[in-house]
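Structure data follow from protein.cif (mmCIF, C-alpha atoms):
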data_run
loop_
_atom_site.label_atom_id
_atom_site.label_comp_id
_atom_site.auth_asym_id
_atom_site.auth_seq_id
_atom_site.Cartn_x
_atom_site.Cartn_y
_atom_site.Cartn_z
CA MET W 168 33.15 12.83 0.86
CA ALA W 169 32.61 9.62 2.82
CA PHE W 170 29.24 7.95 2.73
CA ASN W 171 27.54 7.77 6.09
CA ARG W 172 24.48 5.56 5.88
CA MET W 173 22.94 7.13 8.97
CA GLU W 174 22.97 10.48 7.12
CA SER W 175 21.46 8.96 3.94
CA ALA W 176 17.75 9.54 3.38
CA THR W 177 17.73 6.68 0.88
CA TYR W 178 19.22 4.23 3.34
CA LEU W 179 17.07 5.38 6.27
CA ALA W 180 13.89 5.35 4.16
CA SER W 181 14.69 1.78 3.14
CA LEU W 182 15.10 0.73 6.78
CA LEU W 183 11.93 2.53 7.76
CA ALA W 184 9.95 0.93 4.92
CA LYS W 185 11.14 -2.51 6.03
CA SER W 186 10.14 -1.77 9.62
CA PHE W 187 6.67 -0.58 8.65
CA SER W 188 6.24 -3.56 6.33
CA ARG W 189 7.23 -6.00 9.09
CA ALA W 190 4.88 -4.33 11.56
CA LEU W 191 2.00 -4.50 9.08
CA GLN W 192 2.93 -8.10 8.16
CA GLU W 193 2.56 -9.20 11.77
CA ARG W 194 -0.83 -7.57 12.09
CA GLY W 195 -2.12 -8.27 8.57
CA GLN W 196 -1.22 -11.94 8.62
CA LYS W 197 -3.82 -12.49 11.34
CA LEU W 198 -6.43 -10.90 9.07
CA GLY W 199 -5.35 -12.73 5.91
CA PHE W 200 -3.52 -10.08 3.89
CA ALA W 201 0.11 -9.23 3.16
CA PRO W 202 1.67 -5.75 3.28
CA GLY W 203 2.03 -5.67 -0.52
CA GLN W 204 -1.71 -6.24 -0.87
CA PHE W 205 -2.66 -3.38 1.43
CA PRO W 206 -2.32 -0.57 -1.16
CA VAL W 207 -4.50 -2.54 -3.60
CA LEU W 208 -7.07 -3.13 -0.89
CA LEU W 209 -7.10 0.58 -0.03
CA GLU W 210 -7.78 1.49 -3.66
CA LEU W 211 -10.53 -1.11 -3.99
CA TRP W 212 -12.15 -0.15 -0.68
CA ALA W 213 -12.33 3.38 -2.07
CA GLU W 214 -13.57 2.31 -5.52
CA GLU W 215 -14.38 -1.18 -6.68
CA GLY W 216 -14.43 -2.31 -10.29
CA LEU W 217 -11.07 -0.87 -11.22
CA THR W 218 -9.01 -2.51 -13.95
CA GLN W 219 -5.47 -3.72 -13.49
CA LYS W 220 -4.27 -0.76 -15.58
CA GLN W 221 -6.11 1.70 -13.33
CA LEU W 222 -4.52 0.12 -10.27
CA LEU W 223 -1.10 0.29 -11.93
CA ASP W 224 -1.55 3.98 -12.67
CA ARG W 225 -2.75 4.77 -9.15
CA LEU W 226 -0.14 2.73 -7.28
CA ASP W 227 2.85 3.23 -9.59
CA ILE W 228 4.18 -0.31 -9.39
CA GLU W 229 5.50 -2.70 -12.03
CA GLN W 230 3.06 -4.64 -14.19
CA ALA W 231 4.54 -8.02 -13.15
CA THR W 232 4.34 -7.12 -9.46
CA MET W 233 0.70 -6.10 -9.84
CA ALA W 234 -0.16 -9.28 -11.75
CA ASN W 235 1.43 -11.45 -9.05
CA THR W 236 -0.22 -9.47 -6.24
CA LEU W 237 -3.66 -9.78 -7.84
CA ALA W 238 -3.16 -13.51 -8.47
CA ARG W 239 -2.30 -14.03 -4.78
CA MET W 240 -5.25 -11.90 -3.69
CA GLU W 241 -7.57 -13.93 -5.91
CA ARG W 242 -6.09 -17.20 -4.56
CA ASP W 243 -6.51 -15.92 -0.99
CA GLY W 244 -10.16 -15.05 -1.57
CA LEU W 245 -9.79 -11.26 -1.36
CA ILE W 246 -10.78 -10.32 -4.92
CA VAL W 247 -12.69 -11.60 -7.92
CA ARG W 248 -12.17 -10.55 -11.52
CA ARG W 249 -14.99 -10.02 -13.98
CA LYS W 250 -14.97 -9.19 -17.66
CA HIS W 251 -15.25 -5.46 -18.27
CA PRO W 252 -18.68 -4.74 -19.80
CA GLN W 253 -17.33 -2.21 -22.36
CA ASP W 254 -13.78 -3.50 -22.93
CA LYS W 255 -13.70 -7.24 -23.47
CA ARG W 256 -9.88 -7.24 -23.28
CA SER W 257 -9.78 -6.11 -19.67
CA GLN W 258 -11.21 -7.25 -16.38
CA GLN W 259 -12.64 -5.33 -13.49
CA ILE W 260 -11.50 -6.20 -9.99
CA PHE W 261 -13.97 -6.48 -7.14
CA LEU W 262 -13.55 -7.25 -3.47
CA THR W 263 -15.00 -10.39 -1.98
CA GLU W 264 -17.23 -10.23 1.06
CA ARG W 265 -14.25 -11.44 3.09
CA ALA W 266 -12.17 -8.46 1.95
CA ARG W 267 -15.00 -6.06 2.75
CA GLU W 268 -15.34 -7.57 6.21
CA ILE W 269 -11.68 -6.97 7.11
CA GLU W 270 -11.56 -3.32 5.99
CA ALA W 271 -11.93 -1.72 9.40
CA ALA W 272 -9.60 -4.21 11.11
CA ALA W 273 -6.98 -3.85 8.35
CA LYS W 274 -7.00 -0.07 8.62
CA GLU W 275 -6.75 -0.39 12.40
CA ALA W 276 -3.78 -2.75 11.92
CA ALA W 277 -2.03 -0.14 9.76
CA LEU W 278 -2.69 2.57 12.33
CA ALA W 279 -1.38 0.28 15.07
CA ALA W 280 1.79 -0.34 13.03
CA ASP W 281 2.23 3.43 12.66
CA GLN W 282 1.67 3.99 16.37
CA SER W 283 4.09 1.25 17.30
CA LEU W 284 6.90 2.55 15.12
CA LEU W 285 6.33 6.22 15.86
CA SER W 286 5.61 5.87 19.56
CA GLY W 287 8.78 7.74 20.53
CA LEU W 288 7.72 10.87 18.65
CA ARG W 289 5.52 13.65 19.92
CA GLN W 290 2.41 14.46 17.88
CA PHE W 291 3.90 17.51 16.16
CA GLU W 292 7.01 15.47 15.28
CA ARG W 293 4.84 12.79 13.67
CA GLU W 294 2.95 15.42 11.71
CA LEU W 295 6.19 17.04 10.60
CA MET W 296 7.70 13.71 9.59
CA LEU W 297 4.62 12.84 7.53
CA GLU W 298 4.65 16.26 5.89
CA TYR W 299 8.32 15.86 4.94
CA MET W 300 7.60 12.39 3.56
CA ARG W 301 4.73 13.76 1.43
CA MET W 302 6.96 16.58 0.19
CA ALA W 303 9.73 14.14 -0.78
CA LEU W 304 7.23 11.92 -2.59
CA ALA W 305 5.71 14.87 -4.45
CA HIS W 306 9.17 16.06 -5.46
CA ALA W 307 10.09 12.55 -6.68
CA ALA W 308 6.86 12.37 -8.71
CA ARG W 309 7.51 15.78 -10.31
CA ASP W 310 11.04 14.77 -11.25
CA GLY W 311 9.91 11.43 -12.64
CA GLY W 312 11.43 9.45 -9.80
CA ALA W 313 9.74 6.49 -8.18
CA ALA W 314 7.02 7.55 -5.80
#
Do you think you could lay out the structure here as structure tokens?
Amino acid sequence: MAFNRMESATYLASLLAKSFSRALQERGQKLGFAPGQFPVLLELWAEEGLTQKQLLDRLDIEQATMANTLARMERDGLIVRRKHPQDKRSQQIFLTERAREIEAAAKEAALAADQSLLSGLRQFERELMLEYMRMALAHAARDGGAA
């Protein structure tokens, strides 16, 4: 059977991820964050004071990637780290005032990126696409695949 990349979910998902990342990059750069930082910001906007391990567990990314992302976020003035009061070996991560101030605009930027890339779809098609994406991610998580 010949491989047709336009019939490959893996290939198409990769292209789509790049497109969404580029769209968020354009919008996020103006606000001072990168696409790779957005998931961390979302977690911290929902709950501050998480440890690096908690973020790793929630976002399912590599330890080295998380360490680099947090270092850049700290350098860029988005987060501060403080010693954990009960576990002296770990640090809690908190947002800076600057990061709190961009929350609404950053979420609007993500929504605008979605709208831009999905503008050719009708509402029910968008909803269906998102549902299929969630199903694929849930299946990957159950089977131990990357999610």
Grab all the atoms of range 288-302 of chain W that the file lists, wrap them in a box along x, y and z, add 4 Å per side, and give me centre plus edge lengths in Å (one decimal) as JSON.
{"center_x": 5.4, "center_y": 14.2, "center_z": 10.1, "size_x": 13.9, "size_y": 14.6, "size_z": 27.7}
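When the PyMOL selection byres ((chain W and resi 188-200) around 9) is run on the displayed coordinates, the residues it returns are Leu183, Ala184, Lys185, Ser186, Phe187, Ala201, Pro202, Gly203, Gln204, Phe205, Met240, Asp243, Leu245, Ala266, Ile269, Ala272, Ala273, Ala276, Ala277, Ala279, Ala280, Asp281, Ser283 and Leu284 of chain W.
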Leu237 in chain W: which residues within 9 Å, counting all atoms listed in the file, same-chain residues fewer than 6 positions away excluded, as a PDB file with C-alpha atoms, in the coordinates of the input?
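What ended up in selection_21.pdb:
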ATOM      1  CA  GLN W 204      -1.710  -6.240  -0.870  1.00  0.00           C
ATOM      2  CA  VAL W 207      -4.500  -2.540  -3.600  1.00  0.00           C
ATOM      3  CA  GLN W 219      -5.470  -3.720 -13.490  1.00  0.00           C
ATOM      4  CA  ILE W 246     -10.780 -10.320  -4.920  1.00  0.00           C
ATOM      5  CA  ILE W 260     -11.500  -6.200  -9.990  1.00  0.00           C
TER       6      ILE W 260
END
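Here, the PyMOL selection byres ((chain W and resi 250) around 12) matches Gly216, Leu217, Thr218, Gln219, Val247, Arg248, Arg249, His251, Pro252, Gln253, Asp254, Lys255, Arg256, Ser257, Gln258, Gln259, Ile260 and Phe261 of chain W.
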Straight-line distance linking CA of His306 in chain W with CA of Leu288 in chain W, stated in Å to one decimal: 24.7 Å
Who sits within 9 Å of Gly244 in chain W, only C-alpha atoms, same chain under 6 positions skipped, as a list in words: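 Surrounding residues, per the criterion: Leu262, Thr263, Glu264, Arg265 and Ala266 of chain W.
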Two-atom distance - CA of Asp310 in chain W, CA of Ala234 in chain W (Å): 26.5 Å
Residue IDs satisfying the PyMOL selection byres ((chain W and resi 212) around 9), as a PyMOL selection string: chain W and resi 207-211+213-215+262+266-267+270
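For the pair CA of Met233 in chain W and CA of Glu275 in chain W, the separation is 24.1 Å.
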Counting only C-alpha atoms, the residue of W:Asn235, W:Ala180, W:Leu226, W:Phe170 that sits nearest Tyr299 in chain W: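 Result for the nearest residue to Tyr299 in chain W: W:Ala180.
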From the block I gave, I'd like range 192-203 of chain W written with all heavy atoms, as a PDB file, in the first residue's frame.
ATOM      1  N   GLN W 192       2.111  32.254  17.430  1.00  0.00           N
ATOM      2  CA  GLN W 192       3.404  32.952  17.521  1.00  0.00           C
ATOM      3  C   GLN W 192       3.250  34.415  17.103  1.00  0.00           C
ATOM      4  O   GLN W 192       3.713  35.318  17.790  1.00  0.00           O
ATOM      5  CB  GLN W 192       4.436  32.259  16.630  1.00  0.00           C
ATOM      6  CG  GLN W 192       5.753  33.018  16.473  1.00  0.00           C
ATOM      7  CD  GLN W 192       6.644  32.915  17.677  1.00  0.00           C
ATOM      8  OE1 GLN W 192       6.700  31.871  18.314  1.00  0.00           O
ATOM      9  NE2 GLN W 192       7.334  33.970  18.014  1.00  0.00           N
ATOM     10  N   GLU W 193       2.598  34.622  15.984  1.00  0.00           N
ATOM     11  CA  GLU W 193       2.405  35.986  15.479  1.00  0.00           C
ATOM     12  C   GLU W 193       1.656  36.845  16.486  1.00  0.00           C
ATOM     13  O   GLU W 193       2.011  37.999  16.714  1.00  0.00           O
ATOM     14  CB  GLU W 193       1.629  35.949  14.162  1.00  0.00           C
ATOM     15  CG  GLU W 193       2.386  35.332  13.013  1.00  0.00           C
ATOM     16  CD  GLU W 193       1.503  35.041  11.807  1.00  0.00           C
ATOM     17  OE1 GLU W 193       0.326  35.474  11.794  1.00  0.00           O
ATOM     18  OE2 GLU W 193       1.987  34.389  10.875  1.00  0.00           O
ATOM     19  N   ARG W 194       0.640  36.285  17.071  1.00  0.00           N
ATOM     20  CA  ARG W 194      -0.181  37.052  18.012  1.00  0.00           C
ATOM     21  C   ARG W 194       0.480  37.151  19.387  1.00  0.00           C
ATOM     22  O   ARG W 194       0.441  38.190  20.046  1.00  0.00           O
ATOM     23  CB  ARG W 194      -1.562  36.427  18.121  1.00  0.00           C
ATOM     24  CG  ARG W 194      -2.383  36.596  16.844  1.00  0.00           C
ATOM     25  CD  ARG W 194      -3.538  35.594  16.780  1.00  0.00           C
ATOM     26  NE  ARG W 194      -4.400  35.843  15.644  1.00  0.00           N
ATOM     27  CZ  ARG W 194      -4.170  35.358  14.425  1.00  0.00           C
ATOM     28  NH1 ARG W 194      -3.116  34.597  14.184  1.00  0.00           N
ATOM     29  NH2 ARG W 194      -5.005  35.619  13.433  1.00  0.00           N
ATOM     30  N   GLY W 195       1.076  36.054  19.842  1.00  0.00           N
ATOM     31  CA  GLY W 195       1.684  36.021  21.174  1.00  0.00           C
ATOM     32  C   GLY W 195       2.942  36.850  21.287  1.00  0.00           C
ATOM     33  O   GLY W 195       3.240  37.404  22.354  1.00  0.00           O
ATOM     34  N   GLN W 196       3.681  36.945  20.200  1.00  0.00           N
ATOM     35  CA  GLN W 196       4.918  37.719  20.210  1.00  0.00           C
ATOM     36  C   GLN W 196       4.651  39.168  20.608  1.00  0.00           C
ATOM     37  O   GLN W 196       5.415  39.771  21.360  1.00  0.00           O
ATOM     38  CB  GLN W 196       5.564  37.641  18.833  1.00  0.00           C
ATOM     39  CG  GLN W 196       6.966  38.187  18.765  1.00  0.00           C
ATOM     40  CD  GLN W 196       7.611  37.902  17.415  1.00  0.00           C
ATOM     41  OE1 GLN W 196       6.938  37.653  16.428  1.00  0.00           O
ATOM     42  NE2 GLN W 196       8.926  37.924  17.401  1.00  0.00           N
ATOM     43  N   LYS W 197       3.545  39.704  20.150  1.00  0.00           N
ATOM     44  CA  LYS W 197       3.177  41.086  20.480  1.00  0.00           C
ATOM     45  C   LYS W 197       2.902  41.247  21.983  1.00  0.00           C
ATOM     46  O   LYS W 197       3.066  42.323  22.536  1.00  0.00           O
ATOM     47  CB  LYS W 197       1.948  41.518  19.688  1.00  0.00           C
ATOM     48  CG  LYS W 197       2.182  41.568  18.197  1.00  0.00           C
ATOM     49  CD  LYS W 197       0.893  41.811  17.448  1.00  0.00           C
ATOM     50  CE  LYS W 197       1.139  41.645  15.951  1.00  0.00           C
ATOM     51  NZ  LYS W 197      -0.086  41.512  15.196  1.00  0.00           N
ATOM     52  N   LEU W 198       2.475  40.149  22.611  1.00  0.00           N
ATOM     53  CA  LEU W 198       2.152  40.186  24.040  1.00  0.00           C
ATOM     54  C   LEU W 198       3.325  39.756  24.912  1.00  0.00           C
ATOM     55  O   LEU W 198       3.284  39.913  26.127  1.00  0.00           O
ATOM     56  CB  LEU W 198       0.946  39.281  24.325  1.00  0.00           C
ATOM     57  CG  LEU W 198      -0.351  39.688  23.645  1.00  0.00           C
ATOM     58  CD1 LEU W 198      -1.392  38.586  23.786  1.00  0.00           C
ATOM     59  CD2 LEU W 198      -0.862  40.998  24.207  1.00  0.00           C
ATOM     60  N   GLY W 199       4.345  39.159  24.298  1.00  0.00           N
ATOM     61  CA  GLY W 199       5.531  38.765  25.056  1.00  0.00           C
ATOM     62  C   GLY W 199       5.572  37.314  25.481  1.00  0.00           C
ATOM     63  O   GLY W 199       6.249  36.977  26.451  1.00  0.00           O
ATOM     64  N   PHE W 200       4.875  36.429  24.775  1.00  0.00           N
ATOM     65  CA  PHE W 200       4.982  35.008  25.078  1.00  0.00           C
ATOM     66  C   PHE W 200       5.111  34.213  23.782  1.00  0.00           C
ATOM     67  O   PHE W 200       4.729  34.678  22.715  1.00  0.00           O
ATOM     68  CB  PHE W 200       3.806  34.499  25.922  1.00  0.00           C
ATOM     69  CG  PHE W 200       2.503  34.378  25.175  1.00  0.00           C
ATOM     70  CD1 PHE W 200       2.160  33.177  24.562  1.00  0.00           C
ATOM     71  CD2 PHE W 200       1.620  35.441  25.092  1.00  0.00           C
ATOM     72  CE1 PHE W 200       0.965  33.059  23.859  1.00  0.00           C
ATOM     73  CE2 PHE W 200       0.426  35.323  24.412  1.00  0.00           C
ATOM     74  CZ  PHE W 200       0.097  34.137  23.793  1.00  0.00           C
ATOM     75  N   ALA W 201       5.667  33.018  23.910  1.00  0.00           N
ATOM     76  CA  ALA W 201       5.848  32.113  22.774  1.00  0.00           C
ATOM     77  C   ALA W 201       4.807  31.002  22.845  1.00  0.00           C
ATOM     78  O   ALA W 201       4.298  30.691  23.934  1.00  0.00           O
ATOM     79  CB  ALA W 201       7.259  31.519  22.800  1.00  0.00           C
ATOM     80  N   PRO W 202       4.491  30.371  21.709  1.00  0.00           N
ATOM     81  CA  PRO W 202       3.485  29.301  21.712  1.00  0.00           C
ATOM     82  C   PRO W 202       3.781  28.182  22.718  1.00  0.00           C
ATOM     83  O   PRO W 202       2.874  27.683  23.374  1.00  0.00           O
ATOM     84  CB  PRO W 202       3.521  28.767  20.287  1.00  0.00           C
ATOM     85  CG  PRO W 202       4.009  29.897  19.468  1.00  0.00           C
ATOM     86  CD  PRO W 202       4.974  30.645  20.352  1.00  0.00           C
ATOM     87  N   GLY W 203       5.047  27.823  22.888  1.00  0.00           N
ATOM     88  CA  GLY W 203       5.402  26.762  23.826  1.00  0.00           C
ATOM     89  C   GLY W 203       5.158  27.135  25.280  1.00  0.00           C
ATOM     90  O   GLY W 203       5.059  26.265  26.143  1.00  0.00           O
TER      91      GLY W 203
END
